[in-house]
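Only one structure is covered here, and it is reproduced in the block below.
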Protein chains: 2
Amino acid sequence: MGTVHVVGLGPGPDRWLTPEASEALAEVDHVVGYAPYVARVPQREGLTRHSSGNSVELDRGRLALDLAREGGDVALVSGGDAGVFGMATALFESREAAVAEDPGYAEVPVQVVPGVTAAHAASALVGAVLGGDHALVNLSDNLKPWEVLADRLTALATRDVTLALYNPRSRSRPDTLGAARDLLVEAVGPERVVVVARHVGRDEESSVVTTLGELDVETVDMGCLVVIGASSTRVTDDGWVWTPRSVG
Amino acid sequence: MGTVHVVGLGPGPDRWLTPEASEALAEVDHVVGYAPYVARVPQREGLTRHSSGNSVELDRGRLALDLAREGGDVALVSGGDAGVFGMATALFESREAAVAEDPGYAEVPVQVVPGVTAAHAASALVGAVLGGDHALVNLSDNLKPWEVLADRLTALATRDVTLALYNPRSRSRPDTLGAARDLLVEAVGPERVVVVARHVGRDEESSVVTTLGELDVETVDMGCLVVIGASSTRVTDDGWVWTPRSVG
């Protein structure tokens, strides 16, 4: 039986791909994942690449398990860290359903390979905005009611926990980020430092430093990560953004 | 003038050291950091290693800036991701003080190199316990009043945000983790899944899966990372720990 390696590719460039991840990708028989991530794994002899569309995470997990049961080693790939809103949790969800149908699925060896997550790459790009206590929050409300998300965001921001917002805005959810901004302005005022980091690690990477009150949500899409600073987050004269370690 | 590269070494083994970090370490003239991290950078011709004790972060930052002003390229190293309770924020804090004394310090080029942080390596070790919204919290209260920490922990746990606790327990702070456990039991009950991951990525790595009510703080030290699961966090029959993506 093969092994399913759940592999985080890092936020973009190969310079953030760990040696462990590189090694797994060099040895597996199959790569399974969302097409843009699969495309980052070079074709080579003996490798079969299985690309799928977005939002079919559970199908991908099942495919990876099936390929491993058939004897192949599989890399199930995500961008960033596979454990942060990536394929690791989706694999365990697939596995739970598969094992309920056929206990043989429980025999498939699984290994999760950690990676650099987008929030930490974005923080490094601008300095150290996540240098204090911080939370990584998936702004997609496909899997989470808005009321839960709104309550979390308010609770975190009012406790001065810096927020890194993943999947901040998509065509199918154009309004969540604006609603989040509005409730946070209500909760902590308009002055918090906000960083919009786009395509971190790629040639076209960029970052915009603004404030909660001035955040233009129209400029944000799924290629972005949005950080809402703590009250202590500061911006230097030359544009570095950092959050002090000490509080109070 | 040289550059200060703030470099995260990952949580332990070289298999989690990114190519960007390796390259920086191979090219610099100086490595500056807490002794155990400096020791992870092999000695070579042309490299001067500057080891210091714990809790002198600001002195290390200043030394890195001074060495760069003298013309050397410097790697200021941390374990894990340098931006997560590591040297990145400390460097900007040093830099702020240095620039106030002498504006010439503002001319020193700085680059922050992201890394794999301990929480995400620990999550991968046990499965995907940080697969939902989660917070990275420094349990050290050296720089943060207990009241602030207690309020944060309660707000996070009651909103079902998974918690990764860094620096959970030291000889100088033996009681904080027990106090945190007690207030969380009060807030969310004793049943939350808890993972104590020790020396993640090293030969002697281990993990213990328990519950909040049964967490024995005496088993925890600075080599550990402690994860407090969400209400939905589950443990499979064969010991994987994961948090579903969906809520409610």
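Residue numbering restarts at 1 in every chain; chains get A, B, ... in the order shown in the structure tokens, and ligands count up from 1 in that same order.
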
- Message: Near chain B, meaning an atom within 6 Å, which residues of chain A appear when counting only C-alpha atoms? Write them as number ranges by chain.
- Response: A: 15-16, 18-20, 83-85, 88-89, 112, 114-116, 121, 124, 128, 131, 133-137, 143-144, 152, 159, 246-247

- Message: Quick one: residues within 8 Å of Ala150 of chain B, only C-alpha atoms, excluding same-chain residues fewer than 4 positions away - as a list in words?
- Response: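 Here the qualifying residues turn out to be Trp146, Thr154, Ala180 and Leu183 of chain B.
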
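Compared by their closest atoms to Leu65 of chain A, and using only C-alpha atoms, the residues A:Gly229, A:Gly33, A:Pro103, A:Pro109 rank with A:Pro109 nearest.
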
- Task: Determine which residues of segment 26-248 of chain B receive a DSSP assignment of alpha helix (DSSP H), computed from the backbone, and state them as a VMD selection string.
- Result: chain B and resid 26 to 27 35 to 38 57 to 69 87 to 101 118 to 126 146 to 158 176 to 188

- Message: Would you pick out the contacts of Val31 of chain B at 8 Å or less, using only C-alpha atoms, so that residues sharing its chain but fewer than 4 positions from it are not included, and give the list as a list of chain:residue names?
- Response: B:Leu25, B:Val38, B:Val41, B:Leu47, B:Thr48, B:Arg49, B:His50, B:Val74, B:Ala75, B:Leu76, B:Val77

Same residues, C-alpha atoms, output as a compact mmCIF listing (two decimals), in the first residue's frame:
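Result written to result-v2.txt:
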```txt
# COMPACT_ATOMS: atom_id res chain seq x y z
CA LEU B 25 23.01 31.33 6.16
CA VAL B 38 23.39 29.73 16.46
CA VAL B 41 24.41 26.99 11.77
CA LEU B 47 31.62 33.15 9.31
CA THR B 48 31.64 34.62 12.80
CA ARG B 49 29.06 33.22 15.18
CA HIS B 50 27.76 35.42 18.00
CA VAL B 74 24.25 39.33 9.21
CA ALA B 75 21.79 36.51 9.87
CA LEU B 76 19.81 37.14 13.04
CA VAL B 77 18.39 33.70 13.75
```

- Task: Return as a ChimeraX atom specification the full set of residues in segment 19-232 of chain B whose backbone-based DSSP assignment is strand (DSSP E).
- Result: /B:30-34,48-52,74-78,110-113,127-128,134-138,162-166,193-198,206-211,224-228

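Remark: for Val194 of chain A, the closest of the candidate residues A:Ser206, A:Leu215, A:Ala179, A:Ser78 is A:Leu215 (distances computed over only C-alpha atoms).
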
- Compare A:Gly189, A:Gly239, A:Gly2, A:Gly213 by their minimum atom-to-atom distance to Asp66 of chain A, counting only C-alpha atoms, and give me the closest one.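 With only C-alpha atoms as the atom set, the closest residue is A:Gly2.
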